[in-house]
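Text of final.cif, listed as mmCIF, C-alpha atoms and all ligand atoms:
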data_query
loop_
_atom_site.group_PDB
_atom_site.id
_atom_site.type_symbol
_atom_site.label_atom_id
_atom_site.label_comp_id
_atom_site.auth_asym_id
_atom_site.auth_seq_id
_atom_site.Cartn_x
_atom_site.Cartn_y
_atom_site.Cartn_z
ATOM 1 C CA MET A 1 5.101 22.477 -40.465
ATOM 2 C CA LEU A 2 6.579 19.263 -39.129
ATOM 3 C CA LYS A 3 4.527 16.099 -39.404
ATOM 4 C CA LYS A 4 3.758 14.616 -35.999
ATOM 5 C CA LYS A 5 5.783 11.458 -36.699
ATOM 6 C CA VAL A 6 8.849 13.525 -37.637
ATOM 7 C CA GLU A 7 8.364 15.838 -34.652
ATOM 8 C CA ASP A 8 8.178 12.839 -32.312
ATOM 9 C CA ILE A 9 11.298 11.155 -33.644
ATOM 10 C CA CYS A 10 13.199 14.473 -33.499
ATOM 11 C CA ASN A 11 12.119 14.814 -29.869
ATOM 12 C CA ARG A 12 13.402 11.291 -29.276
ATOM 13 C CA GLN A 13 16.730 12.561 -30.610
ATOM 14 C CA VAL A 14 16.652 15.548 -28.215
ATOM 15 C CA GLU A 15 16.683 12.969 -25.419
ATOM 16 C CA ARG A 16 19.450 10.904 -27.027
ATOM 17 C CA GLU A 17 21.747 13.873 -27.622
ATOM 18 C CA GLY A 18 21.093 15.188 -24.106
ATOM 19 C CA TYR A 19 21.817 11.770 -22.650
ATOM 20 C CA SER A 20 25.036 11.638 -24.691
ATOM 21 C CA SER A 21 26.063 14.938 -23.121
ATOM 22 C CA ASN A 22 25.384 13.625 -19.615
ATOM 23 C CA LEU A 23 27.095 10.316 -20.391
ATOM 24 C CA TYR A 24 30.295 12.099 -21.430
ATOM 25 C CA LEU A 25 30.004 14.424 -18.448
ATOM 26 C CA ALA A 26 29.878 11.378 -16.167
ATOM 27 C CA MET A 27 32.869 9.851 -17.967
ATOM 28 C CA ALA A 28 34.752 13.170 -17.712
ATOM 29 C CA SER A 29 34.081 13.330 -14.019
ATOM 30 C CA TRP A 30 35.244 9.710 -13.580
ATOM 31 C CA ALA A 31 38.480 10.432 -15.492
ATOM 32 C CA GLU A 32 39.046 13.568 -13.412
ATOM 33 C CA THR A 33 38.824 11.596 -10.175
ATOM 34 C CA LYS A 34 41.467 9.214 -11.561
ATOM 35 C CA GLY A 35 43.871 12.122 -12.164
ATOM 36 C CA LEU A 36 43.444 11.897 -15.939
ATOM 37 C CA ALA A 37 43.009 15.590 -16.643
ATOM 38 C CA GLY A 38 43.590 15.345 -20.404
ATOM 39 C CA ILE A 39 41.063 12.568 -20.927
ATOM 40 C CA ALA A 40 38.633 14.485 -18.711
ATOM 41 C CA ALA A 41 39.126 17.616 -20.843
ATOM 42 C CA TRP A 42 38.460 15.596 -24.020
ATOM 43 C CA LEU A 43 35.234 14.241 -22.507
ATOM 44 C CA TYR A 44 34.087 17.602 -21.095
ATOM 45 C CA ALA A 45 34.543 19.088 -24.578
ATOM 46 C CA GLN A 46 32.612 16.161 -26.040
ATOM 47 C CA ALA A 47 29.801 16.736 -23.532
ATOM 48 C CA GLU A 48 29.572 20.372 -24.697
ATOM 49 C CA GLU A 49 29.341 19.239 -28.317
ATOM 50 C CA GLU A 50 26.523 16.866 -27.487
ATOM 51 C CA LYS A 51 24.671 19.637 -25.703
ATOM 52 C CA MET A 52 25.029 21.683 -28.870
ATOM 53 C CA HIS A 53 23.597 18.744 -30.876
ATOM 54 C CA MET A 54 20.608 18.621 -28.539
ATOM 55 C CA LEU A 55 20.096 22.370 -28.945
ATOM 56 C CA LYS A 56 20.202 22.045 -32.729
ATOM 57 C CA PHE A 57 17.286 19.590 -32.569
ATOM 58 C CA ILE A 58 15.343 21.719 -30.065
ATOM 59 C CA LYS A 59 15.681 24.830 -32.210
ATOM 60 C CA TYR A 60 14.888 22.974 -35.426
ATOM 61 C CA ILE A 61 11.687 21.429 -34.020
ATOM 62 C CA ASN A 62 10.479 24.799 -32.717
ATOM 63 C CA GLU A 63 11.466 26.648 -35.902
ATOM 64 C CA ARG A 64 9.374 24.254 -37.978
ATOM 65 C CA GLY A 65 6.202 24.784 -35.938
ATOM 66 C CA GLY A 66 6.658 21.800 -33.630
ATOM 67 C CA THR A 67 7.150 21.732 -29.876
ATOM 68 C CA ALA A 68 10.479 20.595 -28.488
ATOM 69 C CA VAL A 69 10.146 18.656 -25.251
ATOM 70 C CA ILE A 70 12.924 18.749 -22.677
ATOM 71 C CA PRO A 71 12.896 15.262 -21.186
ATOM 72 C CA ALA A 72 14.168 13.585 -18.034
ATOM 73 C CA PHE A 73 17.453 11.790 -18.565
ATOM 74 C CA LYS A 74 18.435 8.447 -17.118
ATOM 75 C CA LYS A 75 21.488 8.393 -14.890
ATOM 76 C CA PRO A 76 24.674 7.450 -16.743
ATOM 77 C CA PRO A 77 27.081 4.853 -15.266
ATOM 78 C CA VAL A 78 29.402 6.259 -12.599
ATOM 79 C CA ASP A 79 32.267 3.791 -12.844
ATOM 80 C CA TYR A 80 34.420 2.179 -15.543
ATOM 81 C CA LYS A 81 36.788 -0.779 -15.414
ATOM 82 C CA SER A 82 39.486 0.998 -17.402
ATOM 83 C CA VAL A 83 40.094 3.863 -19.807
ATOM 84 C CA GLU A 84 39.979 1.421 -22.707
ATOM 85 C CA ASP A 85 36.709 0.000 -21.500
ATOM 86 C CA MET A 86 35.260 3.490 -21.222
ATOM 87 C CA PHE A 87 36.272 4.411 -24.783
ATOM 88 C CA ARG A 88 34.753 1.124 -26.000
ATOM 89 C CA GLU A 89 31.512 2.426 -24.478
ATOM 90 C CA VAL A 90 32.018 5.775 -26.244
ATOM 91 C CA LEU A 91 32.322 4.023 -29.622
ATOM 92 C CA LYS A 92 29.348 1.761 -28.906
ATOM 93 C CA HIS A 93 27.272 4.775 -27.915
ATOM 94 C CA GLU A 94 28.240 6.739 -31.017
ATOM 95 C CA GLN A 95 27.311 3.738 -33.201
ATOM 96 C CA PHE A 96 23.929 3.720 -31.479
ATOM 97 C CA VAL A 97 23.492 7.467 -32.134
ATOM 98 C CA THR A 98 24.483 6.969 -35.784
ATOM 99 C CA SER A 99 21.810 4.319 -36.253
ATOM 100 C CA SER A 100 19.335 6.576 -34.509
ATOM 101 C CA ILE A 101 20.127 9.466 -36.904
ATOM 102 C CA HIS A 102 19.855 7.076 -39.861
ATOM 103 C CA GLU A 103 16.392 6.008 -38.696
ATOM 104 C CA ILE A 104 15.278 9.636 -38.757
ATOM 105 C CA VAL A 105 16.752 10.028 -42.245
ATOM 106 C CA GLU A 106 14.758 6.989 -43.387
ATOM 107 C CA LEU A 107 11.555 8.404 -41.912
ATOM 108 C CA THR A 108 12.064 11.759 -43.629
ATOM 109 C CA LEU A 109 12.425 9.961 -46.964
ATOM 110 C CA ALA A 110 9.287 7.897 -46.351
ATOM 111 C CA GLU A 111 7.414 11.078 -45.351
ATOM 112 C CA LYS A 112 8.940 13.132 -48.183
ATOM 113 C CA ASP A 113 10.176 15.678 -45.625
ATOM 114 C CA TYR A 114 13.162 16.971 -47.571
ATOM 115 C CA SER A 115 13.794 19.948 -45.278
ATOM 116 C CA THR A 116 14.331 17.747 -42.265
ATOM 117 C CA ASN A 117 16.355 15.401 -44.436
ATOM 118 C CA ASN A 118 18.595 18.325 -45.334
ATOM 119 C CA PHE A 119 18.872 19.388 -41.672
ATOM 120 C CA LEU A 120 19.993 15.845 -40.809
ATOM 121 C CA GLN A 121 22.858 15.755 -43.289
ATOM 122 C CA TRP A 122 25.067 17.716 -40.870
ATOM 123 C CA PHE A 123 24.470 15.000 -38.269
ATOM 124 C CA VAL A 124 25.195 12.206 -40.744
ATOM 125 C CA ALA A 125 28.635 13.739 -41.419
ATOM 126 C CA GLU A 126 29.207 14.503 -37.734
ATOM 127 C CA GLN A 127 28.527 10.889 -36.749
ATOM 128 C CA THR A 128 31.103 9.624 -39.249
ATOM 129 C CA GLU A 129 33.664 11.918 -37.593
ATOM 130 C CA GLU A 130 32.681 10.991 -34.060
ATOM 131 C CA GLU A 131 32.902 7.263 -34.720
ATOM 132 C CA ALA A 132 36.282 7.719 -36.428
ATOM 133 C CA SER A 133 37.571 9.769 -33.520
ATOM 134 C CA ALA A 134 36.517 7.170 -30.904
ATOM 135 C CA GLN A 135 37.997 4.406 -33.080
ATOM 136 C CA GLU A 136 41.289 6.301 -33.390
ATOM 137 C CA ILE A 137 41.550 6.577 -29.616
ATOM 138 C CA LEU A 138 40.791 2.869 -29.195
ATOM 139 C CA ASP A 139 43.422 1.995 -31.793
ATOM 140 C CA LYS A 140 46.024 4.048 -29.928
ATOM 141 C CA LEU A 141 45.077 2.420 -26.637
ATOM 142 C CA SER A 142 45.309 -1.083 -28.049
ATOM 143 C CA LEU A 143 48.638 -0.270 -29.708
ATOM 144 C CA GLY A 144 50.127 0.381 -26.284
ATOM 145 C CA ALA A 145 48.903 3.773 -25.108
ATOM 146 C CA LYS A 146 47.033 1.995 -22.312
ATOM 147 C CA ASN A 147 50.448 1.044 -20.885
ATOM 148 C CA ASN A 148 51.506 4.673 -20.753
ATOM 149 C CA LEU A 149 48.372 6.497 -19.702
ATOM 150 C CA TYR A 150 50.412 9.429 -18.408
ATOM 151 C CA HIS A 151 51.665 10.203 -21.909
ATOM 152 C CA PHE A 152 48.320 9.397 -23.531
ATOM 153 C CA ASP A 153 46.526 11.682 -21.094
ATOM 154 C CA ARG A 154 48.864 14.518 -21.994
ATOM 155 C CA SER A 155 48.427 14.036 -25.734
ATOM 156 C CA ILE A 156 44.730 13.179 -26.180
ATOM 157 C CA MET A 157 43.578 16.796 -26.609
ATOM 158 C CA LYS A 158 45.855 17.098 -29.630
ATOM 159 C CA LEU A 159 43.747 14.398 -31.295
ATOM 160 C CA ARG A 160 40.709 16.675 -31.002
ATOM 161 C CA SER A 161 42.312 19.571 -32.785
ATOM 162 C CA GLY A 162 44.083 17.270 -35.240
ATOM 163 C CA GLU A 163 47.309 19.222 -34.624
ATOM 164 C CA ASP A 164 49.417 16.247 -33.743
ATOM 165 C CA LYS A 165 48.658 12.747 -34.839
ATOM 166 C CA ASP A 166 51.693 11.037 -33.221
HETATM 167 FE FE1 LIG A 201 25.589 13.848 -31.016
HETATM 168 FE FE2 LIG A 201 27.907 12.063 -30.695
HETATM 169 O O1 LIG A 201 26.124 12.144 -30.977
#
Show the structure stored in the file as structure tokens.
Ligand code: FEO
Amino acid sequence: MLKKKVEDICNRQVEREGYSSNLYLAMASWAETKGLAGIAAWLYAQAEEEKMHMLKFIKYINERGGTAVIPAFKKPPVDYKSVEDMFREVLKHEQFVTSSIHEIVELTLAEKDYSTNNFLQWFVAEQTEEEASAQEILDKLSLGAKNNLYHFDRSIMKLRSGEDKD
């Protein structure tokens, strides 16, 4: 049975993962309207992953005798100055989610909730990957990809699968 404090902070994370999904959906839609189909595909796929993260928390809370709450989500921004600016927001957001996951880890240690701590380890590893992936994209953009968005847009999905790191 989940302690109330742990249940509450996990429900907070349901909202944060769900918001992440909507944020990337909004970014995907923005990229699509700019004709950047590859970047949009990357972000749509990211939005799906975030939805899956939210579901993991919902199912975990319910499985452990708690009650998952499906919240209202605030509206994500609809416009971005540039692709680089948008990916800076992606990295910033992922850093925020990482610190949020780490806070839950800290609470589980304080509460001696080792099961939830174990459940969270997947997210700890996932956040390392997600930050690295956003950073890699930003590095490519600052190295010149922003001056050839056509090429970058065609190659970004390869970064997801790790097939082609050129
Ligand atoms: Fe599920 Fe990227 O945070």
Which chain A residues have any atom within 10 Å of an atom of ligand LIG 201 (chain A), and for each, what is the nearest pair of atoms with distance in Å to one decimal, counting all atoms listed in the file, rows sorted by chain and number, as JSON lines?
{"residue": "A:Gln13", "atom": "CA", "partner": "A:LIG201", "partner_atom": "FE1", "distance": 9.0}
{"residue": "A:Val14", "atom": "CA", "partner": "A:LIG201", "partner_atom": "FE1", "distance": 9.5}
{"residue": "A:Arg16", "atom": "CA", "partner": "A:LIG201", "partner_atom": "O1", "distance": 7.9}
{"residue": "A:Glu17", "atom": "CA", "partner": "A:LIG201", "partner_atom": "FE1", "distance": 5.1}
{"residue": "A:Gly18", "atom": "CA", "partner": "A:LIG201", "partner_atom": "FE1", "distance": 8.4}
{"residue": "A:Tyr19", "atom": "CA", "partner": "A:LIG201", "partner_atom": "O1", "distance": 9.4}
{"residue": "A:Ser20", "atom": "CA", "partner": "A:LIG201", "partner_atom": "O1", "distance": 6.4}
{"residue": "A:Ser21", "atom": "CA", "partner": "A:LIG201", "partner_atom": "FE1", "distance": 8.0}
{"residue": "A:Tyr24", "atom": "CA", "partner": "A:LIG201", "partner_atom": "FE2", "distance": 9.6}
{"residue": "A:Gln46", "atom": "CA", "partner": "A:LIG201", "partner_atom": "FE2", "distance": 7.8}
{"residue": "A:Ala47", "atom": "CA", "partner": "A:LIG201", "partner_atom": "FE2", "distance": 8.8}
{"residue": "A:Glu48", "atom": "CA", "partner": "A:LIG201", "partner_atom": "FE1", "distance": 9.9}
{"residue": "A:Glu49", "atom": "CA", "partner": "A:LIG201", "partner_atom": "FE1", "distance": 7.1}
{"residue": "A:Glu50", "atom": "CA", "partner": "A:LIG201", "partner_atom": "FE1", "distance": 4.7}
{"residue": "A:Lys51", "atom": "CA", "partner": "A:LIG201", "partner_atom": "FE1", "distance": 7.9}
{"residue": "A:Met52", "atom": "CA", "partner": "A:LIG201", "partner_atom": "FE1", "distance": 8.1}
{"residue": "A:His53", "atom": "CA", "partner": "A:LIG201", "partner_atom": "FE1", "distance": 5.3}
{"residue": "A:Met54", "atom": "CA", "partner": "A:LIG201", "partner_atom": "FE1", "distance": 7.3}
{"residue": "A:Lys56", "atom": "CA", "partner": "A:LIG201", "partner_atom": "FE1", "distance": 10.0}
{"residue": "A:Val90", "atom": "CA", "partner": "A:LIG201", "partner_atom": "FE2", "distance": 8.7}
{"residue": "A:Leu91", "atom": "CA", "partner": "A:LIG201", "partner_atom": "FE2", "distance": 9.2}
{"residue": "A:His93", "atom": "CA", "partner": "A:LIG201", "partner_atom": "FE2", "distance": 7.8}
{"residue": "A:Glu94", "atom": "CA", "partner": "A:LIG201", "partner_atom": "FE2", "distance": 5.3}
{"residue": "A:Gln95", "atom": "CA", "partner": "A:LIG201", "partner_atom": "FE2", "distance": 8.7}
{"residue": "A:Phe96", "atom": "CA", "partner": "A:LIG201", "partner_atom": "O1", "distance": 8.7}
{"residue": "A:Val97", "atom": "CA", "partner": "A:LIG201", "partner_atom": "O1", "distance": 5.5}
{"residue": "A:Thr98", "atom": "CA", "partner": "A:LIG201", "partner_atom": "O1", "distance": 7.3}
{"residue": "A:Ser100", "atom": "CA", "partner": "A:LIG201", "partner_atom": "O1", "distance": 9.5}
{"residue": "A:Ile101", "atom": "CA", "partner": "A:LIG201", "partner_atom": "O1", "distance": 8.8}
{"residue": "A:Phe123", "atom": "CA", "partner": "A:LIG201", "partner_atom": "FE1", "distance": 7.4}
{"residue": "A:Val124", "atom": "CA", "partner": "A:LIG201", "partner_atom": "O1", "distance": 9.8}
{"residue": "A:Glu126", "atom": "CA", "partner": "A:LIG201", "partner_atom": "FE2", "distance": 7.6}
{"residue": "A:Gln127", "atom": "CA", "partner": "A:LIG201", "partner_atom": "FE2", "distance": 6.2}
{"residue": "A:Thr128", "atom": "CA", "partner": "A:LIG201", "partner_atom": "FE2", "distance": 9.5}
{"residue": "A:Glu129", "atom": "CA", "partner": "A:LIG201", "partner_atom": "FE2", "distance": 9.0}
{"residue": "A:Glu130", "atom": "CA", "partner": "A:LIG201", "partner_atom": "FE2", "distance": 5.9}
{"residue": "A:Glu131", "atom": "CA", "partner": "A:LIG201", "partner_atom": "FE2", "distance": 8.0}
{"residue": "A:Ala134", "atom": "CA", "partner": "A:LIG201", "partner_atom": "FE2", "distance": 9.9}
Item to check | Selected residue of minimal separation from A:Thr33 among A:Ala132, A:Leu107, A:Val78, A:Leu138, counting all atoms listed in the file | outcome: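 The answer is A:Val78, which sits nearest to A:Thr33.
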Item to check | Contacts of A:Lys140 at 12 Å (only C-alpha atoms; same-chain gap of 4+ positions) as a PyMOL selection string | outcome: chain A and resi 83-84+87+133-136+144-149+151-153+155-156+159+165-166
Checklist outcome for this item: Taken to one decimal, the atom CA of A:Leu141-atom CA of A:Asp85 distance is 10.1 Å
Next on the checklist: So the first atom is atom CA of A:His102 and the second is atom CA of A:Tyr80; what is the distance between them in Å, to one decimal place?
Outcome noted: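 Between atom CA of A:His102 and atom CA of A:Tyr80 the gap is 28.8 Å.
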Checklist entry - Taking into account only C-alpha atoms, which residue in the set A:Leu109, A:Leu143, A:Cys10, A:Ile104 is nearest to A:Phe57? => result A:Cys10
Next on the checklist: Could you check which residues have any atom within 8 Å of (5.9, 17.8, -36.1), counting only C-alpha atoms with coordinates taken straight from the file, and then list them as JSON, numbers by chain?
Outcome noted: {"A": [1, 2, 3, 4, 5, 6, 7, 8, 61, 64, 65, 66, 67]}
Checklist entry - Restricting the calculation to all atoms listed in the file, which member of A:Glu89, A:Asp139, A:Glu15, A:Glu32 is positioned closest to A:Ala72? => result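 Answer, going by the shortest atom-to-atom distance: A:Glu15.
Each of A:Ile137, A:Glu111, A:Asp79, A:Arg88 was checked against A:Lys34 using all atoms listed in the file; the smallest atom-to-atom distance is that of A:Asp79.
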